[in-house]
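Enquirer: Let me begin by handing over the structure; questions about it come next.
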Amino acid sequence: MNKIKKSLMAAAILVGTCVAPMAALQSFGQELTDASGNAVSDNATQQKAGGGFYDIVFGSGLVGTMLWFVLFGDGAFVIYFAIDSAIMIKPEKLMPKKLMDQVQSAMAEGDIVKAMQACESSPSAMSSIVMAAFQHVEEGFDVIQEAVTAASDLEQEKIQQRLNWISVCGNLGPSCGLLGTVQGMILTFQALASGGAGDAAALANSIGQALWTTAGGLIVSIPAVTIFYVLRNKANRLVLRMTAVTMELLNGLRQVSVDPGAEAVEELQPVEA
């Protein structure tokens with residue numbers, strides 16, 4: 001159900017991000033400002049501009065149109081993964097307050113079994129870290145600390161793997177845009193080589209269409225990279241916080257010491273008659 005909601009939200013945002021540039025480019029092609037700053041209409045400019053965003057997308061050749069659709073899909077994936085990660089990277093998701101209260105209450109009573117049951121009933125990143133500590137409670141505080149660090153690194157890696165998709169989409173945008181620009185420039189120079197240098201307006205329009213793909217790639221990439229680093233830093237802060245809270249909860253186990261030879265000594269002691 002949550003995936004359906006996130007998909008619908010991503011689709012709605014994608015439609016909004018597509019409609020807004022189309023309206024802006026259409027109005028840009030229809031209105032110019034003269035020297036006094038007044039908006040004037042120029043039909044010749046409309047013809048040279050190619051009619052707006054529709055012609056920019058579908059007038060750049062088969063490869064160029066395909067690259068535009070790849071950019072649209074890339075932007076949709078950025079939106080989806082950003083929403084998914086933003087929902088996941090929240091304190092109430094990673095370290096639920098109910099779990100924290102139950103574990104703190106159990107540790108105050110000295111009941112580790114009860115704390116473990118609370119973790120099992122509330123699966124989360126925090127419960128995984130605390131459970132890793134409880135599983136080594138009989139091995140001493142140093143081993144507990146190492147287990148908590150290893151579990152924290154594992155949870156951080158899980159989060160990072162989901163965030164990496166935003167980074168992949170952010171890096172893919174400029175690459176697709178640059179490929180579209182190169183393809184457009186190739187077609188332009190082919191036209192020049194075949195004797196099409198006389199139509200300067202057509203050549204300028206072709207070059208403009210090629211450059212628009214680079215602009216589209218950057219429009220996808222800049223928000224994606226920004227969102228990636230914001231969410232990554234937020235996730236790192238939460239993991240550090242969970243590690244610190246776990247060590248604070250287990251601070252009472254600091255005095256636990258393990259004597260591996262204790263049982264052997266007991267077994268070797270003679271039984272008094």
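Ligands are numbered from 1 in the order shown, residues from 1 within each chain, and chains are lettered A, B, ... in the order they appear in the structure tokens.
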Would you list the contacts of Gly184 in chain A as a compact mmCIF listing (two decimals) with C-alpha atoms, in the first residue's frame, taking every protein, DNA or RNA residue within 10 Å and counting only C-alpha atoms, but skipping same-chain residues closer than 3 positions in sequence?

Expert:
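Now in part_31.txt:
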# COMPACT_ATOMS: atom_id res chain seq x y z
CA SER A 60 15.31 16.51 -32.34
CA GLY A 61 15.21 13.26 -34.31
CA VAL A 63 17.56 9.42 -30.96
CA GLY A 64 16.96 12.84 -29.45
CA LEU A 178 25.39 15.37 -23.23
CA LEU A 179 24.69 12.43 -25.53
CA GLY A 180 21.66 14.26 -26.93
CA THR A 181 23.75 17.39 -27.49
CA LEU A 187 23.22 16.14 -37.34
CA THR A 188 23.93 19.86 -37.60
CA PHE A 189 27.39 19.38 -39.05
CA GLN A 190 26.05 16.73 -41.41
CA SER A 206 18.92 22.48 -34.54
CA ILE A 207 21.76 23.59 -32.26
CA GLY A 208 19.26 24.97 -29.77
CA GLN A 209 17.37 21.67 -29.69
CA ALA A 210 20.64 19.84 -29.07
CA LEU A 211 21.58 22.13 -26.18
CA TRP A 212 18.16 21.73 -24.59
CA THR A 213 18.94 18.07 -23.83

Enquirer: With distances taken over only C-alpha atoms, which residue among A:Ser124, A:Asn233, A:Asn164, A:Thr214 lies nearest Leu71 in chain A?

Expert: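 Smallest separation from Leu71 in chain A among the options: A:Thr214.
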
Enquirer: CA of Ala133 in chain A and CA of Lys158 in chain A are how many Å apart?

Expert: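 About the pair CA of Ala133 in chain A and CA of Lys158 in chain A: they are 18.6 Å apart.
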
Enquirer: Can you tell me which residues surround Leu62 in chain A at a distance of at most 12 Å, considering only C-alpha atoms, apart from same-chain residues fewer than 4 positions away, and format the answer as a PyMOL selection string?

Expert: chain A and resi 57-58+66-69+180+183-184+187

Enquirer: List every residue of range 33-225 of chain A that DSSP, applied to the backbone of this structure, assigns to alpha helix (DSSP H), and report them as a ChimeraX atom specification.

Expert: /A:43-49,53-58,61-88,91-94,97-108,112-121,125-134,141-193,200-225

Enquirer: Work out how far apart CA of Ala215 in chain A and CA of Asp55 in chain A are and give it in Å to one decimal.

Expert: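 Interatomic distance, CA of Ala215 in chain A to CA of Asp55 in chain A: 15.5 Å.
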
Enquirer: Considering only C-alpha atoms, return as a PyMOL selection string whatever protein or nucleic-acid residues lie within 12 Å of range 167-171 of chain A, sequence-local ones (same chain, fewer than 3 positions apart) excluded.

Expert: chain A and resi 70-82+160-164+174-178+216-232

Enquirer: Which residue is closest to Ile89 in chain A? Choose from A:Gln156, A:Ala191, A:Leu249, A:Ala151 and count only C-alpha atoms.

Expert: A:Gln156

Enquirer: Between CA of Leu240 in chain A and CA of Ser152 in chain A, what is the distance in Å, rounded to a tenth?

Expert: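 If I compute the distance from CA of Leu240 in chain A to CA of Ser152 in chain A, I get 7.9 Å.
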
Enquirer: Determine the nearest neighbour of Ser128 in chain A from the options A:Ile186, A:Val113, A:Leu94, A:Ile56, counting only C-alpha atoms.

Expert: A:Leu94

Enquirer: With only C-alpha atoms as the counted atoms, please give the residues lying no more than 8 Å from Val239 in chain A, apart from itself and same-chain residues fewer than 3 positions off, as a PyMOL selection string.

Expert: chain A and resi 152+155-156+235-236+242-243

Enquirer: Can you tell me which residues surround Leu99 in chain A at a distance of at most 8 Å, considering only C-alpha atoms, apart from same-chain residues fewer than 5 positions away, and format the answer as a compact mmCIF listing (two decimals) with C-alpha atoms, in the first residue's frame?

Expert:
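Once written, result04.txt looks like this:
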# COMPACT_ATOMS: atom_id res chain seq x y z
CA ALA A 118 10.50 -5.68 22.79
CA CYS A 119 13.07 -5.54 19.98
CA SER A 122 9.22 -3.86 16.85
CA SER A 127 16.06 -2.95 17.29
